[in-house]
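Student: What follows is input.cif; its format and atoms are mmCIF, N, CA and C atoms.
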data_target
loop_
_atom_site.group_PDB
_atom_site.id
_atom_site.type_symbol
_atom_site.label_atom_id
_atom_site.label_comp_id
_atom_site.auth_asym_id
_atom_site.auth_seq_id
_atom_site.Cartn_x
_atom_site.Cartn_y
_atom_site.Cartn_z
ATOM 1 N N ALA A 1 -1.849 2.435 2.549
ATOM 2 C CA ALA A 1 -2.623 3.017 1.457
ATOM 3 C C ALA A 1 -4.002 2.363 1.391
ATOM 4 N N GLU A 2 -4.036 1.041 1.540
ATOM 5 C CA GLU A 2 -5.331 0.341 1.484
ATOM 6 C C GLU A 2 -6.243 0.782 2.618
ATOM 7 N N ARG A 3 -5.677 0.966 3.800
ATOM 8 C CA ARG A 3 -6.459 1.396 4.960
ATOM 9 C C ARG A 3 -7.102 2.764 4.699
ATOM 10 N N ILE A 4 -6.322 3.683 4.174
ATOM 11 C CA ILE A 4 -6.825 5.031 3.906
ATOM 12 C C ILE A 4 -7.849 5.003 2.778
ATOM 13 N N GLN A 5 -7.559 4.286 1.709
ATOM 14 C CA GLN A 5 -8.495 4.218 0.591
ATOM 15 C C GLN A 5 -9.815 3.590 1.016
ATOM 16 N N GLY A 6 -9.764 2.563 1.852
ATOM 17 C CA GLY A 6 -10.988 1.949 2.361
ATOM 18 C C GLY A 6 -11.792 2.929 3.190
ATOM 19 N N TYR A 7 -11.105 3.700 4.002
ATOM 20 C CA TYR A 7 -11.768 4.704 4.834
ATOM 21 C C TYR A 7 -12.485 5.739 3.954
ATOM 22 N N ILE A 8 -11.802 6.208 2.930
ATOM 23 C CA ILE A 8 -12.389 7.207 2.035
ATOM 24 C C ILE A 8 -13.613 6.626 1.325
ATOM 25 N N ARG A 9 -13.506 5.406 0.840
ATOM 26 C CA ARG A 9 -14.657 4.752 0.175
ATOM 27 C C ARG A 9 -15.849 4.635 1.121
ATOM 28 N N ASP A 10 -15.574 4.313 2.383
ATOM 29 C CA ASP A 10 -16.649 4.175 3.371
ATOM 30 C C ASP A 10 -17.286 5.511 3.723
ATOM 31 N N ARG A 11 -16.485 6.564 3.802
ATOM 32 C CA ARG A 11 -16.980 7.874 4.252
ATOM 33 C C ARG A 11 -17.614 8.711 3.145
ATOM 34 N N MET A 12 -17.203 8.519 1.882
ATOM 35 C CA MET A 12 -17.668 9.384 0.800
ATOM 36 C C MET A 12 -19.193 9.433 0.668
ATOM 37 N N PRO A 13 -19.926 8.316 0.773
ATOM 38 C CA PRO A 13 -21.385 8.428 0.669
ATOM 39 C C PRO A 13 -21.985 9.367 1.725
ATOM 40 N N THR A 14 -21.437 9.345 2.930
ATOM 41 C CA THR A 14 -21.919 10.233 3.988
ATOM 42 C C THR A 14 -21.534 11.668 3.684
ATOM 43 N N TRP A 15 -20.283 11.884 3.266
ATOM 44 C CA TRP A 15 -19.860 13.241 2.929
ATOM 45 C C TRP A 15 -20.727 13.823 1.823
ATOM 46 N N LYS A 16 -21.066 13.026 0.812
ATOM 47 C CA LYS A 16 -21.904 13.518 -0.286
ATOM 48 C C LYS A 16 -23.252 14.005 0.227
ATOM 49 N N LEU A 17 -23.808 13.294 1.200
ATOM 50 C CA LEU A 17 -25.099 13.684 1.757
ATOM 51 C C LEU A 17 -24.994 14.912 2.653
ATOM 52 N N GLU A 18 -23.899 15.050 3.371
ATOM 53 C CA GLU A 18 -23.768 16.111 4.364
ATOM 54 C C GLU A 18 -23.119 17.391 3.847
ATOM 55 N N TYR A 19 -22.263 17.281 2.827
ATOM 56 C CA TYR A 19 -21.495 18.439 2.375
ATOM 57 C C TYR A 19 -21.657 18.650 0.876
ATOM 58 N N GLU A 20 -22.036 19.854 0.516
ATOM 59 C CA GLU A 20 -22.207 20.217 -0.891
ATOM 60 C C GLU A 20 -20.860 20.213 -1.604
ATOM 61 N N GLY A 21 -20.743 19.435 -2.661
ATOM 62 C CA GLY A 21 -19.535 19.408 -3.466
ATOM 63 C C GLY A 21 -18.452 18.458 -2.991
ATOM 64 N N ALA A 22 -18.663 17.767 -1.882
ATOM 65 C CA ALA A 22 -17.621 16.872 -1.359
ATOM 66 C C ALA A 22 -17.234 15.802 -2.378
ATOM 67 N N GLU A 23 -18.174 15.440 -3.232
ATOM 68 C CA GLU A 23 -17.882 14.393 -4.218
ATOM 69 C C GLU A 23 -16.862 14.841 -5.265
ATOM 70 N N THR A 24 -16.570 16.143 -5.326
ATOM 71 C CA THR A 24 -15.578 16.638 -6.285
ATOM 72 C C THR A 24 -14.166 16.641 -5.715
ATOM 73 N N MET A 25 -14.044 16.353 -4.437
ATOM 74 C CA MET A 25 -12.730 16.352 -3.787
ATOM 75 C C MET A 25 -11.835 15.296 -4.429
ATOM 76 N N THR A 26 -10.588 15.684 -4.652
ATOM 77 C CA THR A 26 -9.619 14.729 -5.181
ATOM 78 C C THR A 26 -8.593 14.416 -4.097
ATOM 79 N N LEU A 27 -8.266 13.144 -4.006
ATOM 80 C CA LEU A 27 -7.291 12.675 -3.017
ATOM 81 C C LEU A 27 -6.211 11.887 -3.728
ATOM 82 N N ALA A 28 -5.010 12.011 -3.209
ATOM 83 C CA ALA A 28 -3.898 11.205 -3.710
ATOM 84 C C ALA A 28 -3.308 10.462 -2.523
ATOM 85 N N VAL A 29 -3.359 9.163 -2.594
ATOM 86 C CA VAL A 29 -2.762 8.318 -1.558
ATOM 87 C C VAL A 29 -1.710 7.493 -2.276
ATOM 88 N N MET A 30 -0.476 7.945 -2.155
ATOM 89 C CA MET A 30 0.604 7.360 -2.921
ATOM 90 C C MET A 30 1.538 6.566 -2.023
ATOM 91 N N GLY A 31 1.978 5.413 -2.493
ATOM 92 C CA GLY A 31 2.878 4.570 -1.734
ATOM 93 C C GLY A 31 4.324 4.794 -2.101
ATOM 94 N N CYS A 32 4.663 6.020 -2.451
ATOM 95 C CA CYS A 32 6.028 6.282 -2.902
ATOM 96 C C CYS A 32 6.375 7.732 -2.603
ATOM 97 N N VAL A 33 7.441 7.949 -1.828
ATOM 98 C CA VAL A 33 7.838 9.309 -1.508
ATOM 99 C C VAL A 33 8.610 9.971 -2.645
ATOM 100 N N VAL A 34 8.904 9.212 -3.699
ATOM 101 C CA VAL A 34 9.595 9.784 -4.849
ATOM 102 C C VAL A 34 8.580 10.440 -5.787
ATOM 103 N N ASN A 35 7.602 9.678 -6.256
ATOM 104 C CA ASN A 35 6.597 10.206 -7.186
ATOM 105 C C ASN A 35 5.386 10.808 -6.476
ATOM 106 N N GLY A 36 5.158 10.408 -5.244
ATOM 107 C CA GLY A 36 3.973 10.830 -4.510
ATOM 108 C C GLY A 36 3.768 12.320 -4.374
ATOM 109 N N PRO A 37 4.811 13.100 -4.063
ATOM 110 C CA PRO A 37 4.587 14.535 -3.900
ATOM 111 C C PRO A 37 4.008 15.209 -5.149
ATOM 112 N N GLY A 38 4.446 14.816 -6.328
ATOM 113 C CA GLY A 38 3.895 15.396 -7.556
ATOM 114 C C GLY A 38 2.415 15.117 -7.695
ATOM 115 N N GLU A 39 2.027 13.873 -7.460
ATOM 116 C CA GLU A 39 0.614 13.498 -7.514
ATOM 117 C C GLU A 39 -0.171 14.203 -6.412
ATOM 118 N N SER A 40 0.411 14.286 -5.232
ATOM 119 C CA SER A 40 -0.269 14.901 -4.095
ATOM 120 C C SER A 40 -0.504 16.390 -4.309
ATOM 121 N N LYS A 41 0.438 17.070 -4.959
ATOM 122 C CA LYS A 41 0.280 18.499 -5.223
ATOM 123 C C LYS A 41 -0.895 18.779 -6.143
ATOM 124 N N ALA A 42 -1.233 17.828 -7.004
ATOM 125 C CA ALA A 42 -2.326 18.019 -7.957
ATOM 126 C C ALA A 42 -3.690 17.704 -7.346
ATOM 127 N N ALA A 43 -3.719 17.180 -6.128
ATOM 128 C CA ALA A 43 -4.975 16.801 -5.472
ATOM 129 C C ALA A 43 -5.370 17.851 -4.440
ATOM 130 N N ASN A 44 -6.622 17.785 -3.994
ATOM 131 C CA ASN A 44 -7.035 18.658 -2.898
ATOM 132 C C ASN A 44 -6.250 18.326 -1.639
ATOM 133 N N ILE A 45 -6.104 17.046 -1.391
ATOM 134 C CA ILE A 45 -5.307 16.606 -0.245
ATOM 135 C C ILE A 45 -4.628 15.298 -0.637
ATOM 136 N N GLY A 46 -3.354 15.197 -0.319
ATOM 137 C CA GLY A 46 -2.614 14.009 -0.708
ATOM 138 C C GLY A 46 -1.534 13.667 0.299
ATOM 139 N N ILE A 47 -1.179 12.411 0.308
ATOM 140 C CA ILE A 47 -0.142 11.911 1.209
ATOM 141 C C ILE A 47 0.758 10.955 0.438
ATOM 142 N N SER A 48 2.039 11.031 0.734
ATOM 143 C CA SER A 48 3.015 10.105 0.158
ATOM 144 C C SER A 48 3.467 9.178 1.278
ATOM 145 N N LEU A 49 3.077 7.935 1.166
ATOM 146 C CA LEU A 49 3.376 6.948 2.204
ATOM 147 C C LEU A 49 4.746 6.331 1.981
ATOM 148 N N PRO A 50 5.383 5.857 3.043
ATOM 149 C CA PRO A 50 6.707 5.253 2.892
ATOM 150 C C PRO A 50 6.626 3.886 2.228
ATOM 151 N N GLY A 51 7.641 3.583 1.472
ATOM 152 C CA GLY A 51 7.746 2.256 0.884
ATOM 153 C C GLY A 51 8.411 1.312 1.864
ATOM 154 N N THR A 52 8.547 0.076 1.477
ATOM 155 C CA THR A 52 9.183 -0.926 2.325
ATOM 156 C C THR A 52 10.600 -0.493 2.672
ATOM 157 N N GLY A 53 10.895 -0.489 3.948
ATOM 158 C CA GLY A 53 12.223 -0.136 4.403
ATOM 159 C C GLY A 53 12.481 1.354 4.533
ATOM 160 N N GLU A 54 11.529 2.188 4.118
ATOM 161 C CA GLU A 54 11.710 3.635 4.240
ATOM 162 C C GLU A 54 11.228 4.113 5.609
ATOM 163 N N ALA A 55 11.808 5.200 6.071
ATOM 164 C CA ALA A 55 11.388 5.800 7.343
ATOM 165 C C ALA A 55 9.938 6.258 7.224
ATOM 166 N N PRO A 56 9.172 6.134 8.296
ATOM 167 C CA PRO A 56 7.753 6.514 8.239
ATOM 168 C C PRO A 56 7.547 8.025 8.304
ATOM 169 N N ASN A 57 8.043 8.722 7.284
ATOM 170 C CA ASN A 57 7.847 10.155 7.121
ATOM 171 C C ASN A 57 6.942 10.353 5.921
ATOM 172 N N CYS A 58 5.806 10.983 6.133
ATOM 173 C CA CYS A 58 4.808 11.090 5.073
ATOM 174 C C CYS A 58 4.444 12.543 4.816
ATOM 175 N N PRO A 59 4.968 13.128 3.741
ATOM 176 C CA PRO A 59 4.585 14.491 3.415
ATOM 177 C C PRO A 59 3.106 14.556 3.027
ATOM 178 N N VAL A 60 2.427 15.572 3.525
ATOM 179 C CA VAL A 60 1.017 15.792 3.221
ATOM 180 C C VAL A 60 0.908 17.129 2.497
ATOM 181 N N PHE A 61 0.182 17.123 1.385
ATOM 182 C CA PHE A 61 -0.067 18.327 0.608
ATOM 183 C C PHE A 61 -1.550 18.646 0.664
ATOM 184 N N ILE A 62 -1.858 19.906 0.912
ATOM 185 C CA ILE A 62 -3.244 20.362 0.931
ATOM 186 C C ILE A 62 -3.342 21.514 -0.056
ATOM 187 N N ASP A 63 -4.229 21.349 -1.029
ATOM 188 C CA ASP A 63 -4.431 22.344 -2.079
ATOM 189 C C ASP A 63 -3.112 22.774 -2.728
ATOM 190 N N GLY A 64 -2.277 21.776 -3.029
ATOM 191 C CA GLY A 64 -1.051 22.009 -3.774
ATOM 192 C C GLY A 64 0.154 22.460 -2.975
ATOM 193 N N ARG A 65 -0.021 22.625 -1.679
ATOM 194 C CA ARG A 65 1.085 23.101 -0.847
ATOM 195 C C ARG A 65 1.447 22.063 0.211
ATOM 196 N N HIS A 66 2.737 21.949 0.471
ATOM 197 C CA HIS A 66 3.170 21.058 1.531
ATOM 198 C C HIS A 66 2.653 21.624 2.846
ATOM 199 N N ALA A 67 1.808 20.863 3.539
ATOM 200 C CA ALA A 67 1.188 21.335 4.775
ATOM 201 C C ALA A 67 1.917 20.829 6.012
ATOM 202 N N MET A 68 2.397 19.593 5.944
ATOM 203 C CA MET A 68 3.054 18.981 7.099
ATOM 204 C C MET A 68 3.654 17.655 6.686
ATOM 205 N N THR A 69 4.396 17.074 7.604
ATOM 206 C CA THR A 69 4.910 15.721 7.421
ATOM 207 C C THR A 69 4.460 14.912 8.624
ATOM 208 N N LEU A 70 3.731 13.836 8.357
ATOM 209 C CA LEU A 70 3.263 12.960 9.431
ATOM 210 C C LEU A 70 4.318 11.899 9.714
ATOM 211 N N ARG A 71 4.398 11.506 10.975
ATOM 212 C CA ARG A 71 5.344 10.465 11.384
ATOM 213 C C ARG A 71 4.648 9.536 12.369
ATOM 214 N N GLY A 72 5.067 8.288 12.384
ATOM 215 C CA GLY A 72 4.520 7.342 13.333
ATOM 216 C C GLY A 72 4.382 5.967 12.727
ATOM 217 N N THR A 73 3.677 5.104 13.451
ATOM 218 C CA THR A 73 3.415 3.755 12.949
ATOM 219 C C THR A 73 2.408 3.845 11.809
ATOM 220 N N TYR A 74 2.231 2.766 11.089
ATOM 221 C CA TYR A 74 1.259 2.764 9.999
ATOM 222 C C TYR A 74 -0.143 3.094 10.514
ATOM 223 N N GLU A 75 -0.476 2.551 11.659
ATOM 224 C CA GLU A 75 -1.788 2.823 12.262
ATOM 225 C C GLU A 75 -1.921 4.309 12.607
ATOM 226 N N GLU A 76 -0.894 4.867 13.224
ATOM 227 C CA GLU A 76 -0.922 6.289 13.589
ATOM 228 C C GLU A 76 -1.005 7.175 12.348
ATOM 229 N N LEU A 77 -0.245 6.831 11.319
ATOM 230 C CA LEU A 77 -0.275 7.607 10.081
ATOM 231 C C LEU A 77 -1.670 7.587 9.465
ATOM 232 N N SER A 78 -2.278 6.422 9.440
ATOM 233 C CA SER A 78 -3.622 6.285 8.881
ATOM 234 C C SER A 78 -4.619 7.135 9.664
ATOM 235 N N GLU A 79 -4.566 7.057 10.976
ATOM 236 C CA GLU A 79 -5.494 7.829 11.813
ATOM 237 C C GLU A 79 -5.280 9.329 11.650
ATOM 238 N N GLN A 80 -4.027 9.756 11.610
ATOM 239 C CA GLN A 80 -3.737 11.174 11.450
ATOM 240 C C GLN A 80 -4.246 11.692 10.117
ATOM 241 N N PHE A 81 -4.021 10.930 9.057
ATOM 242 C CA PHE A 81 -4.464 11.371 7.732
ATOM 243 C C PHE A 81 -5.984 11.374 7.639
ATOM 244 N N GLN A 82 -6.627 10.387 8.234
ATOM 245 C CA GLN A 82 -8.095 10.359 8.235
ATOM 246 C C GLN A 82 -8.653 11.608 8.913
ATOM 247 N N ARG A 83 -8.060 12.011 10.030
ATOM 248 C CA ARG A 83 -8.504 13.241 10.711
ATOM 249 C C ARG A 83 -8.302 14.462 9.818
ATOM 250 N N LEU A 84 -7.169 14.501 9.105
ATOM 251 C CA LEU A 84 -6.921 15.622 8.195
ATOM 252 C C LEU A 84 -7.979 15.693 7.098
ATOM 253 N N VAL A 85 -8.347 14.540 6.556
ATOM 254 C CA VAL A 85 -9.360 14.517 5.500
ATOM 255 C C VAL A 85 -10.709 14.946 6.064
ATOM 256 N N GLU A 86 -11.073 14.446 7.233
ATOM 257 C CA GLU A 86 -12.336 14.860 7.869
ATOM 258 C C GLU A 86 -12.358 16.376 8.075
ATOM 259 N N ASP A 87 -11.253 16.931 8.579
ATOM 260 C CA ASP A 87 -11.162 18.374 8.792
ATOM 261 C C ASP A 87 -11.248 19.132 7.471
ATOM 262 N N TYR A 88 -10.615 18.596 6.431
ATOM 263 C CA TYR A 88 -10.644 19.240 5.121
ATOM 264 C C TYR A 88 -12.078 19.312 4.607
ATOM 265 N N VAL A 89 -12.777 18.203 4.667
ATOM 266 C CA VAL A 89 -14.168 18.175 4.190
ATOM 267 C C VAL A 89 -15.003 19.193 4.958
ATOM 268 N N ALA A 90 -14.892 19.179 6.271
ATOM 269 C CA ALA A 90 -15.702 20.073 7.107
ATOM 270 C C ALA A 90 -15.371 21.547 6.877
ATOM 271 N N SER A 91 -14.128 21.851 6.534
ATOM 272 C CA SER A 91 -13.743 23.252 6.383
ATOM 273 C C SER A 91 -13.801 23.781 4.952
ATOM 274 N N HIS A 92 -13.895 22.891 3.958
ATOM 275 C CA HIS A 92 -13.870 23.341 2.563
ATOM 276 C C HIS A 92 -15.187 23.174 1.815
ATOM 277 N N TYR A 93 -16.108 22.439 2.373
ATOM 278 C CA TYR A 93 -17.384 22.204 1.694
ATOM 279 C C TYR A 93 -18.519 22.621 2.628
ATOM 280 N N PRO A 94 -19.456 23.412 2.111
ATOM 281 C CA PRO A 94 -20.562 23.846 2.979
ATOM 282 C C PRO A 94 -21.492 22.690 3.316
ATOM 283 N N ARG A 95 -21.970 22.705 4.536
ATOM 284 C CA ARG A 95 -22.971 21.701 4.941
ATOM 285 C C ARG A 95 -24.234 21.911 4.134
ATOM 286 N N ARG A 96 -24.822 20.824 3.727
ATOM 287 C CA ARG A 96 -26.102 20.906 3.029
ATOM 288 C C ARG A 96 -27.181 21.309 4.020
ATOM 289 N N ALA A 97 -28.112 22.093 3.539
ATOM 290 C CA ALA A 97 -29.251 22.448 4.382
ATOM 291 C C ALA A 97 -30.054 21.185 4.642
ATOM 292 N N SER A 98 -30.402 20.961 5.880
ATOM 293 C CA SER A 98 -31.175 19.760 6.182
ATOM 294 C C SER A 98 -32.588 19.942 5.657
ATOM 295 N N VAL A 99 -33.076 18.912 5.061
ATOM 296 C CA VAL A 99 -34.432 18.933 4.511
ATOM 297 C C VAL A 99 -35.350 18.253 5.507
ATOM 298 N N PRO A 100 -36.344 19.004 6.055
ATOM 299 C CA PRO A 100 -37.240 18.361 7.027
ATOM 300 C C PRO A 100 -38.024 17.228 6.385
ATOM 301 N N THR A 101 -38.150 16.165 7.117
ATOM 302 C CA THR A 101 -38.938 15.039 6.625
ATOM 303 C C THR A 101 -40.392 15.252 7.009
ATOM 304 N N PRO A 102 -41.331 14.917 6.120
ATOM 305 C CA PRO A 102 -42.744 15.107 6.416
ATOM 306 C C PRO A 102 -43.187 14.241 7.592
ATOM 307 N N SER A 103 -44.069 14.797 8.399
ATOM 308 C CA SER A 103 -44.601 14.036 9.537
ATOM 309 C C SER A 103 -45.548 12.979 9.045
ATOM 310 N N ALA A 104 -45.565 11.850 9.725
ATOM 311 C CA ALA A 104 -46.432 10.750 9.318
ATOM 312 C C ALA A 104 -47.798 10.893 9.919
#
Let's see the structure in the file written out as structure tokens.
Tutor:
Amino acid sequence: AERIQGYIRDRMPTWKLEYEGAETMTLAVMGCVVNGPGESKAANIGISLPGTGEAPNCPVFIDGRHAMTLRGTYEELSEQFQRLVEDYVASHYPRRASVPTPSA
């Protein structure tokens, strides 16, 4: 969860500059497969991460619907979810028109 949250914090300033409305995106990164799905359904994109001793099965919800279940090591899960978020931003928010910078 910390890995994903750190990634989102790092990427959001860039997304805000590149994509109109990206700052309104809601994410749920939950460390519990019991309560996580409810929180994830209410977000634009959400993941329920496994708790200690739980199998690494992570349901992912996109716009309130179960989209897939990710499986793998913690590193693989983090990378897969990061790609999903990048794809979500690129496909749901229009790119901002580039503003030409004045010549010096």
Student: Enumerate as a PyMOL selection string all residues of stretch 5-41 of chain A assigned to helix (DSSP H, G or I) by DSSP on the backbone, naming them with the chain letters and numbers the document uses.
Tutor: chain A and resi 5-18+22-24+36-41
Student: Please tell me which residues are no farther than 7 Å from (0.7, 13.2, 6.5) in the file, counting only C-alpha atoms, and write them as a CSV table (one decimal) with N, CA and C atoms, in the frame of the given file.
Tutor:
chain,number,residue,atom,x,y,z
A,47,ILE,N,-1.2,12.4,0.3
A,47,ILE,CA,-0.1,11.9,1.2
A,47,ILE,C,0.8,11.0,0.4
A,58,CYS,N,5.8,11.0,6.1
A,58,CYS,CA,4.8,11.1,5.1
A,58,CYS,C,4.4,12.5,4.8
A,59,PRO,N,5.0,13.1,3.7
A,59,PRO,CA,4.6,14.5,3.4
A,59,PRO,C,3.1,14.6,3.0
A,60,VAL,N,2.4,15.6,3.5
A,60,VAL,CA,1.0,15.8,3.2
A,60,VAL,C,0.9,17.1,2.5
A,68,MET,N,2.4,19.6,5.9
A,68,MET,CA,3.1,19.0,7.1
A,68,MET,C,3.7,17.7,6.7
A,69,THR,N,4.4,17.1,7.6
A,69,THR,CA,4.9,15.7,7.4
A,69,THR,C,4.5,14.9,8.6
A,70,LEU,N,3.7,13.8,8.4
A,70,LEU,CA,3.3,13.0,9.4
A,70,LEU,C,4.3,11.9,9.7
A,77,LEU,N,-0.2,6.8,11.3
A,77,LEU,CA,-0.3,7.6,10.1
A,77,LEU,C,-1.7,7.6,9.5
A,80,GLN,N,-4.0,9.8,11.6
A,80,GLN,CA,-3.7,11.2,11.4
A,80,GLN,C,-4.2,11.7,10.1
A,81,PHE,N,-4.0,10.9,9.1
A,81,PHE,CA,-4.5,11.4,7.7
A,81,PHE,C,-6.0,11.4,7.6
Student: Just list as JSON, numbers by chain whatever in chain A DSSP marks as strand (DSSP E).
Tutor: {"A": [27, 28, 29, 30, 45, 46, 47, 48, 57, 58, 59, 60, 61, 62, 65, 66, 67, 68, 69, 70, 71]}
Student: I need the residues from that last selection saved to file as a short mmCIF file (atom, residue, chain, number, x, y, z; two decimals), in the coordinates of the input (with N, CA and C atoms), if you can.
Tutor:
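Ended up saving to again00.cif:
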data_model
loop_
_atom_site.label_atom_id
_atom_site.label_comp_id
_atom_site.auth_asym_id
_atom_site.auth_seq_id
_atom_site.Cartn_x
_atom_site.Cartn_y
_atom_site.Cartn_z
N LEU A 27 -8.27 13.14 -4.01
CA LEU A 27 -7.29 12.68 -3.02
C LEU A 27 -6.21 11.89 -3.73
N ALA A 28 -5.01 12.01 -3.21
CA ALA A 28 -3.90 11.20 -3.71
C ALA A 28 -3.31 10.46 -2.52
N VAL A 29 -3.36 9.16 -2.59
CA VAL A 29 -2.76 8.32 -1.56
C VAL A 29 -1.71 7.49 -2.28
N MET A 30 -0.48 7.94 -2.15
CA MET A 30 0.60 7.36 -2.92
C MET A 30 1.54 6.57 -2.02
N ILE A 45 -6.10 17.05 -1.39
CA ILE A 45 -5.31 16.61 -0.24
C ILE A 45 -4.63 15.30 -0.64
N GLY A 46 -3.35 15.20 -0.32
CA GLY A 46 -2.61 14.01 -0.71
C GLY A 46 -1.53 13.67 0.30
N ILE A 47 -1.18 12.41 0.31
CA ILE A 47 -0.14 11.91 1.21
C ILE A 47 0.76 10.96 0.44
N SER A 48 2.04 11.03 0.73
CA SER A 48 3.02 10.10 0.16
C SER A 48 3.47 9.18 1.28
N ASN A 57 8.04 8.72 7.28
CA ASN A 57 7.85 10.15 7.12
C ASN A 57 6.94 10.35 5.92
N CYS A 58 5.81 10.98 6.13
CA CYS A 58 4.81 11.09 5.07
C CYS A 58 4.44 12.54 4.82
N PRO A 59 4.97 13.13 3.74
CA PRO A 59 4.58 14.49 3.42
C PRO A 59 3.11 14.56 3.03
N VAL A 60 2.43 15.57 3.52
CA VAL A 60 1.02 15.79 3.22
C VAL A 60 0.91 17.13 2.50
N PHE A 61 0.18 17.12 1.38
CA PHE A 61 -0.07 18.33 0.61
C PHE A 61 -1.55 18.65 0.66
N ILE A 62 -1.86 19.91 0.91
CA ILE A 62 -3.24 20.36 0.93
C ILE A 62 -3.34 21.51 -0.06
N ARG A 65 -0.02 22.62 -1.68
CA ARG A 65 1.08 23.10 -0.85
C ARG A 65 1.45 22.06 0.21
N HIS A 66 2.74 21.95 0.47
CA HIS A 66 3.17 21.06 1.53
C HIS A 66 2.65 21.62 2.85
N ALA A 67 1.81 20.86 3.54
CA ALA A 67 1.19 21.34 4.78
C ALA A 67 1.92 20.83 6.01
N MET A 68 2.40 19.59 5.94
CA MET A 68 3.05 18.98 7.10
C MET A 68 3.65 17.66 6.69
N THR A 69 4.40 17.07 7.60
CA THR A 69 4.91 15.72 7.42
C THR A 69 4.46 14.91 8.62
N LEU A 70 3.73 13.84 8.36
CA LEU A 70 3.26 12.96 9.43
C LEU A 70 4.32 11.90 9.71
N ARG A 71 4.40 11.51 10.98
CA ARG A 71 5.34 10.46 11.38
C ARG A 71 4.65 9.54 12.37
#
Student: Would you kindly return, as a short mmCIF file (atom, residue, chain, number, x, y, z; two decimals) with N, CA and C atoms, keeping the file's coordinate frame, each protein, DNA or RNA residue with an atom no farther than 9 Å from any atom of A:Ile45, considering only C-alpha atoms and excluding same-chain residues fewer than 2 positions away?
Tutor:
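File written: around.cif
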data_model
loop_
_atom_site.label_atom_id
_atom_site.label_comp_id
_atom_site.auth_asym_id
_atom_site.auth_seq_id
_atom_site.Cartn_x
_atom_site.Cartn_y
_atom_site.Cartn_z
N MET A 25 -14.04 16.35 -4.44
CA MET A 25 -12.73 16.35 -3.79
C MET A 25 -11.84 15.30 -4.43
N THR A 26 -10.59 15.68 -4.65
CA THR A 26 -9.62 14.73 -5.18
C THR A 26 -8.59 14.42 -4.10
N LEU A 27 -8.27 13.14 -4.01
CA LEU A 27 -7.29 12.68 -3.02
C LEU A 27 -6.21 11.89 -3.73
N ALA A 28 -5.01 12.01 -3.21
CA ALA A 28 -3.90 11.20 -3.71
C ALA A 28 -3.31 10.46 -2.52
N VAL A 29 -3.36 9.16 -2.59
CA VAL A 29 -2.76 8.32 -1.56
C VAL A 29 -1.71 7.49 -2.28
N SER A 40 0.41 14.29 -5.23
CA SER A 40 -0.27 14.90 -4.10
C SER A 40 -0.50 16.39 -4.31
N LYS A 41 0.44 17.07 -4.96
CA LYS A 41 0.28 18.50 -5.22
C LYS A 41 -0.90 18.78 -6.14
N ALA A 42 -1.23 17.83 -7.00
CA ALA A 42 -2.33 18.02 -7.96
C ALA A 42 -3.69 17.70 -7.35
N ALA A 43 -3.72 17.18 -6.13
CA ALA A 43 -4.97 16.80 -5.47
C ALA A 43 -5.37 17.85 -4.44
N ILE A 47 -1.18 12.41 0.31
CA ILE A 47 -0.14 11.91 1.21
C ILE A 47 0.76 10.96 0.44
N VAL A 60 2.43 15.57 3.52
CA VAL A 60 1.02 15.79 3.22
C VAL A 60 0.91 17.13 2.50
N PHE A 61 0.18 17.12 1.38
CA PHE A 61 -0.07 18.33 0.61
C PHE A 61 -1.55 18.65 0.66
N ILE A 62 -1.86 19.91 0.91
CA ILE A 62 -3.24 20.36 0.93
C ILE A 62 -3.34 21.51 -0.06
N ASP A 63 -4.23 21.35 -1.03
CA ASP A 63 -4.43 22.34 -2.08
C ASP A 63 -3.11 22.77 -2.73
N GLY A 64 -2.28 21.78 -3.03
CA GLY A 64 -1.05 22.01 -3.77
C GLY A 64 0.15 22.46 -2.98
N LEU A 84 -7.17 14.50 9.10
CA LEU A 84 -6.92 15.62 8.20
C LEU A 84 -7.98 15.69 7.10
N VAL A 85 -8.35 14.54 6.56
CA VAL A 85 -9.36 14.52 5.50
C VAL A 85 -10.71 14.95 6.06
N TYR A 88 -10.62 18.60 6.43
CA TYR A 88 -10.64 19.24 5.12
C TYR A 88 -12.08 19.31 4.61
#
Student: Give me, please, the distance in Å between atom CA of A:Asp87 and atom CA of A:Tyr7, quoted to one decimal.
Tutor: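 Computing the Euclidean distance for atom CA of A:Asp87 and atom CA of A:Tyr7 yields 14.2 Å.
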Student: Starting from the shown file, work through the PyMOL selection byres ((chain A and resi 94) around 8) and note down what comes out as a PyMOL selection string.
Tutor: chain A and resi 18-22+89-93+95-97
Student: Run the PyMOL selection byres (((chain A and resi 1 and name CA) around 8) and name CA) mentally over the shown coordinates, then write out the matched residues as a VMD selection string, using the chain letters and numbers from the document.
Tutor: chain A and resid 2 to 5 29 to 31 49
Student: Would you work out the distance separating atom CA of A:Ile8 from atom CA of A:Glu86, expressed in Å to one decimal?
Tutor: 9.6 Å
Student: One number please: atom N of A:Asn57 to atom CA of A:Arg11, in Å, one decimal.
Tutor: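 Taking atom N of A:Asn57 and atom CA of A:Arg11, their separation equals 25.2 Å.
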